[in-house]
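Below you'll find the structure, written out as structure tokens, and then a few comments.
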Amino acid sequence: EPEVTQTPSHQVTQMGQEVILRCVPISNHLYFYWYRQILGQKVEFLVSFYNNEISEKSEIFDDQFSVERPDGSNFTLKIRSTKLEDSAMYFCASSGDRATNEKLFFGSGTQLSVL
Amino acid sequence: GEDVEQSLFLSVREGDSSVINCTYTDSSSTYLYWYKQEPGAGLQLLTYIFSNMDMKQDQRLTVLLNKKDKHLSLRIADTQTGDSAIYFCAESLPGNTPLVFGKGTRLSVIA
């Protein structure tokens, strides 16, 4: 069964450092997403991406964050200058169909710890 | 704004039924979902229900939706140790906006 792959599974970084979280969506999918879950809190939407541009973003997705699809297979989330409060599990998701959310496939997540 | 609430923990004995509850605030929800997250794994779509339905059954899983009370439940019959996981309730709103998730309910199955 096709799956969304995320690397690394765990990332530890110092406050102020840049991190790049990587995702390989399902190969024929067109819509890509990042969600995150701070420990003990809800899974929150960050950003959606389609046709090489951001289609929607939340208030959380400020100027510190950026997304890119550099080579047609990877989908990355960059945090330019990490803060302690960026520590969370980050989930990538992809979908081949914008029509309904039930066709959303999630990766296993990257646990980001900012020290 | 929209909000989804779930209790955080549920413990059941193997073979019993589990019922995981969820409440939501936005009456314009189009679909409601249950996702399962096993340790070290991603969010796996378990089942979903369209908002004009009251019930959906899929093998051991039964989803009940009370739209008047904005209450969704997931019943797992004959709960097994492999059902131990975190279960997330989520809703989608008109226009296929991003999913709104609850905090997740950690189900522990005791052998």
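Ligands are numbered from 1 in the order shown, chains are lettered A, B, ... in the order of the structure tokens, and residues start at 1 in each chain.
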
Go through chain B residue by residue and, counting only C-alpha atoms, keep those with an atom at most 7 Å from chain A; for each kept residue give the shortest atom pair and its distance in Å to one decimal, ordered by chain and increasing number, as CSV.
residue,atom,partner,partner_atom,distance
B:Gly40,CA,A:Ser108,CA,6.4
B:Ala41,CA,A:Ser108,CA,4.4
B:Gly42,CA,A:Ser108,CA,3.3
B:Leu43,CA,A:Phe106,CA,5.5
B:Gln44,CA,A:Phe106,CA,6.9
B:Asn96,CA,A:Thr100,CA,6.4
B:Pro98,CA,A:Phe45,CA,6.5
B:Phe101,CA,A:Val43,CA,5.5
B:Gly102,CA,A:Lys42,CA,5.4
B:Lys103,CA,A:Lys42,CA,4.1

Show me, as a Markdown table, the residues of region 6-44 of chain B having an atom within 12 Å of region 53-64 of chain B, each with the closest atom pair and its distance in Å, using only C-alpha atoms.
| residue | atom | partner | partner_atom | distance |
| --- | --- | --- | --- | --- |
| B:Gly15 | CA | B:Arg60 | CA | 11.4 |
| B:Asp16 | CA | B:Arg60 | CA | 11.6 |
| B:Ser17 | CA | B:Arg60 | CA | 9.4 |
| B:Ser18 | CA | B:Leu61 | CA | 9.7 |
| B:Val19 | CA | B:Thr62 | CA | 9.3 |
| B:Ile20 | CA | B:Val63 | CA | 9.7 |
| B:Asn21 | CA | B:Leu64 | CA | 9.5 |
| B:Cys22 | CA | B:Leu64 | CA | 10.3 |
| B:Thr23 | CA | B:Leu64 | CA | 11.7 |
| B:Ser29 | CA | B:Met53 | CA | 12.0 |
| B:Thr30 | CA | B:Met53 | CA | 10.4 |
| B:Tyr31 | CA | B:Met53 | CA | 9.7 |
| B:Leu32 | CA | B:Val63 | CA | 9.7 |
| B:Tyr33 | CA | B:Val63 | CA | 9.3 |
| B:Trp34 | CA | B:Val63 | CA | 8.8 |

Write the residues you've just listed into a file as a CSV table (one decimal), in the first residue's frame, and include all heavy atoms for each of them.
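Output below, filename part-v5.csv:
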chain,number,residue,atom,x,y,z
B,15,GLY,N,-11.8,-8.0,25.0
B,15,GLY,CA,-13.1,-8.6,24.8
B,15,GLY,C,-14.3,-7.8,25.1
B,15,GLY,O,-15.4,-8.0,24.6
B,16,ASP,N,-14.1,-6.7,25.9
B,16,ASP,CA,-15.2,-5.8,26.2
B,16,ASP,C,-15.3,-4.8,25.0
B,16,ASP,O,-14.5,-4.8,24.1
B,16,ASP,CB,-14.9,-5.0,27.4
B,16,ASP,CG,-15.0,-5.8,28.7
B,16,ASP,OD1,-15.5,-7.0,28.6
B,16,ASP,OD2,-14.6,-5.3,29.8
B,17,SER,N,-16.4,-4.1,25.0
B,17,SER,CA,-16.6,-3.0,24.0
B,17,SER,C,-16.0,-1.7,24.5
B,17,SER,O,-16.0,-1.4,25.7
B,17,SER,CB,-18.1,-2.8,23.7
B,17,SER,OG,-18.6,-3.9,23.1
B,18,SER,N,-15.4,-0.9,23.6
B,18,SER,CA,-14.9,0.4,23.9
B,18,SER,C,-15.8,1.4,23.3
B,18,SER,O,-16.2,1.2,22.1
B,18,SER,CB,-13.5,0.6,23.3
B,18,SER,OG,-12.6,-0.5,23.7
B,19,VAL,N,-16.0,2.5,24.0
B,19,VAL,CA,-16.8,3.6,23.4
B,19,VAL,C,-16.0,4.9,23.6
B,19,VAL,O,-15.7,5.3,24.7
B,19,VAL,CB,-18.2,3.8,24.0
B,19,VAL,CG1,-18.9,4.9,23.3
B,19,VAL,CG2,-19.0,2.5,23.8
B,20,ILE,N,-15.6,5.5,22.5
B,20,ILE,CA,-14.8,6.7,22.5
B,20,ILE,C,-15.7,7.8,22.1
B,20,ILE,O,-16.3,7.7,21.0
B,20,ILE,CB,-13.5,6.6,21.6
B,20,ILE,CG1,-12.7,5.4,22.1
B,20,ILE,CG2,-12.7,7.9,21.7
B,20,ILE,CD1,-11.6,5.1,21.1
B,21,ASN,N,-15.8,8.9,22.9
B,21,ASN,CA,-16.7,10.0,22.6
B,21,ASN,C,-16.0,11.2,22.1
B,21,ASN,O,-14.9,11.5,22.5
B,21,ASN,CB,-17.6,10.3,23.9
B,21,ASN,CG,-18.5,9.1,24.2
B,21,ASN,OD1,-19.3,8.7,23.4
B,21,ASN,ND2,-18.3,8.6,25.4
B,22,CYS,N,-16.8,12.0,21.4
B,22,CYS,CA,-16.3,13.3,20.8
B,22,CYS,C,-17.4,14.3,20.7
B,22,CYS,O,-18.5,13.9,20.4
B,22,CYS,CB,-15.7,13.0,19.5
B,22,CYS,SG,-15.2,14.4,18.5
B,23,THR,N,-17.2,15.5,21.1
B,23,THR,CA,-18.1,16.6,20.8
B,23,THR,C,-17.5,17.6,20.0
B,23,THR,O,-16.3,17.9,20.0
B,23,THR,CB,-18.7,17.2,22.1
B,23,THR,OG1,-17.5,17.7,22.9
B,23,THR,CG2,-19.4,16.2,23.0
B,29,SER,N,-20.6,21.0,10.0
B,29,SER,CA,-19.6,19.9,9.7
B,29,SER,C,-20.2,19.1,8.5
B,29,SER,O,-21.4,18.8,8.5
B,29,SER,CB,-19.4,19.0,10.8
B,29,SER,OG,-18.8,19.7,11.9
B,30,THR,N,-19.3,18.8,7.6
B,30,THR,CA,-19.8,17.9,6.4
B,30,THR,C,-19.5,16.5,6.7
B,30,THR,O,-20.3,15.6,6.5
B,30,THR,CB,-19.1,18.4,5.1
B,30,THR,OG1,-17.7,18.5,5.3
B,30,THR,CG2,-19.7,19.8,4.7
B,31,TYR,N,-18.3,16.2,7.1
B,31,TYR,CA,-17.8,14.8,7.4
B,31,TYR,C,-17.2,14.8,8.8
B,31,TYR,O,-16.6,15.8,9.2
B,31,TYR,CB,-16.8,14.3,6.5
B,31,TYR,CG,-17.3,14.0,5.1
B,31,TYR,CD1,-17.3,14.9,4.1
B,31,TYR,CD2,-17.7,12.7,4.8
B,31,TYR,CE1,-17.8,14.6,2.8
B,31,TYR,CE2,-18.1,12.4,3.5
B,31,TYR,CZ,-18.2,13.3,2.5
B,31,TYR,OH,-18.6,13.0,1.3
B,32,LEU,N,-17.4,13.7,9.5
B,32,LEU,CA,-16.7,13.5,10.8
B,32,LEU,C,-15.9,12.2,10.7
B,32,LEU,O,-16.3,11.2,10.1
B,32,LEU,CB,-17.7,13.5,11.9
B,32,LEU,CG,-18.3,14.8,12.1
B,32,LEU,CD1,-19.8,14.7,12.1
B,32,LEU,CD2,-17.8,15.5,13.4
B,33,TYR,N,-14.7,12.3,11.2
B,33,TYR,CA,-13.7,11.2,11.0
B,33,TYR,C,-13.2,10.6,12.3
B,33,TYR,O,-13.1,11.3,13.4
B,33,TYR,CB,-12.5,11.7,10.3
B,33,TYR,CG,-12.8,12.4,9.0
B,33,TYR,CD1,-13.2,13.8,8.9
B,33,TYR,CD2,-12.7,11.7,7.8
B,33,TYR,CE1,-13.5,14.4,7.7
B,33,TYR,CE2,-13.0,12.4,6.6
B,33,TYR,CZ,-13.3,13.7,6.6
B,33,TYR,OH,-13.6,14.3,5.4
B,34,TRP,N,-12.8,9.4,12.3
B,34,TRP,CA,-12.0,8.8,13.3
B,34,TRP,C,-10.7,8.3,12.7
B,34,TRP,O,-10.6,7.5,11.8
B,34,TRP,CB,-12.7,7.6,14.0
B,34,TRP,CG,-13.8,8.0,14.9
B,34,TRP,CD1,-15.1,8.0,14.7
B,34,TRP,CD2,-13.7,8.6,16.2
B,34,TRP,NE1,-15.9,8.4,15.7
B,34,TRP,CE2,-15.0,8.8,16.7
B,34,TRP,CE3,-12.6,8.9,17.0
B,34,TRP,CZ2,-15.2,9.4,18.0
B,34,TRP,CZ3,-12.8,9.4,18.3
B,34,TRP,CH2,-14.1,9.7,18.7

Give the strand (DSSP E or B) residues of region 42-76 of chain B, as DSSP finds them on the backbone, and put them as a PyMOL selection string. chain B and resi 43-50+55-58+61-66+71-76

Expected file contents, prior selection, N, CA and C atoms, as a PDB file, in the first residue's frame:
ATOM      1  N   LEU B  43      -1.111   8.945  11.253  1.00  0.00           N
ATOM      2  CA  LEU B  43      -2.547   8.968  11.500  1.00  0.00           C
ATOM      3  C   LEU B  43      -3.224   8.142  10.413  1.00  0.00           C
ATOM      4  N   GLN B  44      -3.878   7.085  10.830  1.00  0.00           N
ATOM      5  CA  GLN B  44      -4.535   6.189   9.869  1.00  0.00           C
ATOM      6  C   GLN B  44      -6.039   6.421   9.918  1.00  0.00           C
ATOM      7  N   LEU B  45      -6.621   6.723   8.773  1.00  0.00           N
ATOM      8  CA  LEU B  45      -8.066   6.902   8.734  1.00  0.00           C
ATOM      9  C   LEU B  45      -8.742   5.577   9.028  1.00  0.00           C
ATOM     10  N   LEU B  46      -9.561   5.580  10.076  1.00  0.00           N
ATOM     11  CA  LEU B  46     -10.240   4.360  10.510  1.00  0.00           C
ATOM     12  C   LEU B  46     -11.630   4.268   9.858  1.00  0.00           C
ATOM     13  N   THR B  47     -12.368   5.326   9.977  1.00  0.00           N
ATOM     14  CA  THR B  47     -13.704   5.380   9.412  1.00  0.00           C
ATOM     15  C   THR B  47     -14.167   6.832   9.411  1.00  0.00           C
ATOM     16  N   TYR B  48     -15.235   7.089   8.672  1.00  0.00           N
ATOM     17  CA  TYR B  48     -15.794   8.433   8.660  1.00  0.00           C
ATOM     18  C   TYR B  48     -17.281   8.327   8.413  1.00  0.00           C
ATOM     19  N   ILE B  49     -17.984   9.401   8.701  1.00  0.00           N
ATOM     20  CA  ILE B  49     -19.426   9.424   8.520  1.00  0.00           C
ATOM     21  C   ILE B  49     -19.834  10.762   7.936  1.00  0.00           C
ATOM     22  N   PHE B  50     -20.726  10.724   7.000  1.00  0.00           N
ATOM     23  CA  PHE B  50     -21.256  11.945   6.418  1.00  0.00           C
ATOM     24  C   PHE B  50     -22.252  12.536   7.407  1.00  0.00           C
ATOM     25  N   MET B  55     -25.659   6.669  11.705  1.00  0.00           N
ATOM     26  CA  MET B  55     -24.875   5.512  12.121  1.00  0.00           C
ATOM     27  C   MET B  55     -24.146   4.930  10.910  1.00  0.00           C
ATOM     28  N   LYS B  56     -22.976   4.398  11.220  1.00  0.00           N
ATOM     29  CA  LYS B  56     -22.245   3.667  10.193  1.00  0.00           C
ATOM     30  C   LYS B  56     -21.567   2.488  10.873  1.00  0.00           C
ATOM     31  N   GLN B  57     -21.691   1.324  10.280  1.00  0.00           N
ATOM     32  CA  GLN B  57     -21.069   0.139  10.880  1.00  0.00           C
ATOM     33  C   GLN B  57     -20.085  -0.468   9.888  1.00  0.00           C
ATOM     34  N   ASP B  58     -18.936  -0.848  10.411  1.00  0.00           N
ATOM     35  CA  ASP B  58     -17.907  -1.456   9.580  1.00  0.00           C
ATOM     36  C   ASP B  58     -17.213  -2.507  10.434  1.00  0.00           C
ATOM     37  N   LEU B  61     -16.435  -1.923  14.136  1.00  0.00           N
ATOM     38  CA  LEU B  61     -16.561  -0.495  14.415  1.00  0.00           C
ATOM     39  C   LEU B  61     -17.977  -0.003  14.143  1.00  0.00           C
ATOM     40  N   THR B  62     -18.504   0.762  15.079  1.00  0.00           N
ATOM     41  CA  THR B  62     -19.797   1.417  14.884  1.00  0.00           C
ATOM     42  C   THR B  62     -19.623   2.894  15.213  1.00  0.00           C
ATOM     43  N   VAL B  63     -19.984   3.748  14.277  1.00  0.00           N
ATOM     44  CA  VAL B  63     -19.946   5.186  14.497  1.00  0.00           C
ATOM     45  C   VAL B  63     -21.374   5.665  14.662  1.00  0.00           C
ATOM     46  N   LEU B  64     -21.609   6.414  15.733  1.00  0.00           N
ATOM     47  CA  LEU B  64     -22.907   7.026  15.961  1.00  0.00           C
ATOM     48  C   LEU B  64     -22.769   8.532  15.949  1.00  0.00           C
ATOM     49  N   LEU B  65     -23.668   9.189  15.241  1.00  0.00           N
ATOM     50  CA  LEU B  65     -23.649  10.645  15.161  1.00  0.00           C
ATOM     51  C   LEU B  65     -24.981  11.193  15.620  1.00  0.00           C
ATOM     52  N   ASN B  66     -24.928  12.048  16.627  1.00  0.00           N
ATOM     53  CA  ASN B  66     -26.100  12.775  17.105  1.00  0.00           C
ATOM     54  C   ASN B  66     -25.871  14.231  16.736  1.00  0.00           C
ATOM     55  N   HIS B  71     -22.561  15.297  18.854  1.00  0.00           N
ATOM     56  CA  HIS B  71     -21.847  14.249  19.575  1.00  0.00           C
ATOM     57  C   HIS B  71     -21.581  13.086  18.628  1.00  0.00           C
ATOM     58  N   LEU B  72     -20.352  12.657  18.607  1.00  0.00           N
ATOM     59  CA  LEU B  72     -19.901  11.546  17.765  1.00  0.00           C
ATOM     60  C   LEU B  72     -19.290  10.488  18.664  1.00  0.00           C
ATOM     61  N   SER B  73     -19.566   9.241  18.380  1.00  0.00           N
ATOM     62  CA  SER B  73     -18.915   8.192  19.169  1.00  0.00           C
ATOM     63  C   SER B  73     -18.400   7.090  18.250  1.00  0.00           C
ATOM     64  N   LEU B  74     -17.390   6.410  18.741  1.00  0.00           N
ATOM     65  CA  LEU B  74     -16.823   5.252  18.053  1.00  0.00           C
ATOM     66  C   LEU B  74     -16.890   4.075  19.015  1.00  0.00           C
ATOM     67  N   ARG B  75     -17.597   3.058  18.611  1.00  0.00           N
ATOM     68  CA  ARG B  75     -17.677   1.854  19.427  1.00  0.00           C
ATOM     69  C   ARG B  75     -16.847   0.761  18.759  1.00  0.00           C
ATOM     70  N   ILE B  76     -15.983   0.155  19.547  1.00  0.00           N
ATOM     71  CA  ILE B  76     -15.185  -0.966  19.063  1.00  0.00           C
ATOM     72  C   ILE B  76     -15.663  -2.202  19.817  1.00  0.00           C
TER      73      ILE B  76
END

Extract, using only C-alpha atoms, all DNA, RNA and protein residues at most 7 Å from Gly96 (chain A), discarding same-chain residues fewer than 4 positions from it, and format them as a count of residues only. 4

One number please: CA of Leu77 (chain A) to CA of Thr97 (chain B), in Å, one decimal. 20.3 Å

So which residues touch Leu21 (chain A) within 7 Å, counting only C-alpha atoms, skipping near sequence neighbours fewer than 2 positions away, as a VMD selection string? chain A and resid 7 19 23 76 to 78

Counting only C-alpha atoms, the option among A:Ile26, A:Leu115, A:Met15, A:Ile79 closest to Gln64 (chain A):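 Going through A:Ile26, A:Leu115, A:Met15, A:Ile79 one by one, the smallest distance to Gln64 (chain A) is for A:Ile79.
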
Distance query Ser87 (chain A) at most 10 Å, only C-alpha atoms, self and fewer than 2 positions along chain excluded, as a list of chain:residue names: A:Gln11, A:Val12, A:Thr13, A:Met15, A:Arg36, A:Gln37, A:Ile38, A:Leu39, A:Thr82, A:Lys83, A:Leu84, A:Glu85, A:Met89, A:Tyr90, A:Gln111, A:Leu112, A:Ser113, A:Val114, A:Leu115

Across A:Asp63, A:Phe32, A:Pro2, A:Asn51, the smallest distance to Ser81 (chain A), with only C-alpha atoms counted, is shown by A:Asp63

Coordinates-based distance that separates CA of Val109 (chain B) from CA of Thr79 (chain B) (Å, one decimal):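 These atoms are spaced 7.2 Å apart.
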
For Asn74 (chain A), which of A:Asn52, A:Glu1, A:His10, A:Glu18 is the closest residue, counting only C-alpha atoms?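 Between A:Asn52, A:Glu1, A:His10, A:Glu18, the residue approaching Asn74 (chain A) most closely is A:Asn52.
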
Go ahead and compute the interatomic distance for CA of Ser27 (chain B) and CA of Leu8 (chain B), in Å to one decimal.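 Distance between the two atoms: 23.0 Å.
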
Close residues, Phe75 (chain A) itself excluded, 8 Å, only C-alpha atoms, min 3 positions apart in chain, as a list of chain:residue names: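 Returned residues: A:Arg22, A:Cys23, A:Val24, A:Pro25, A:Phe32, A:Val67, A:Glu68, A:Arg69, A:Pro70.
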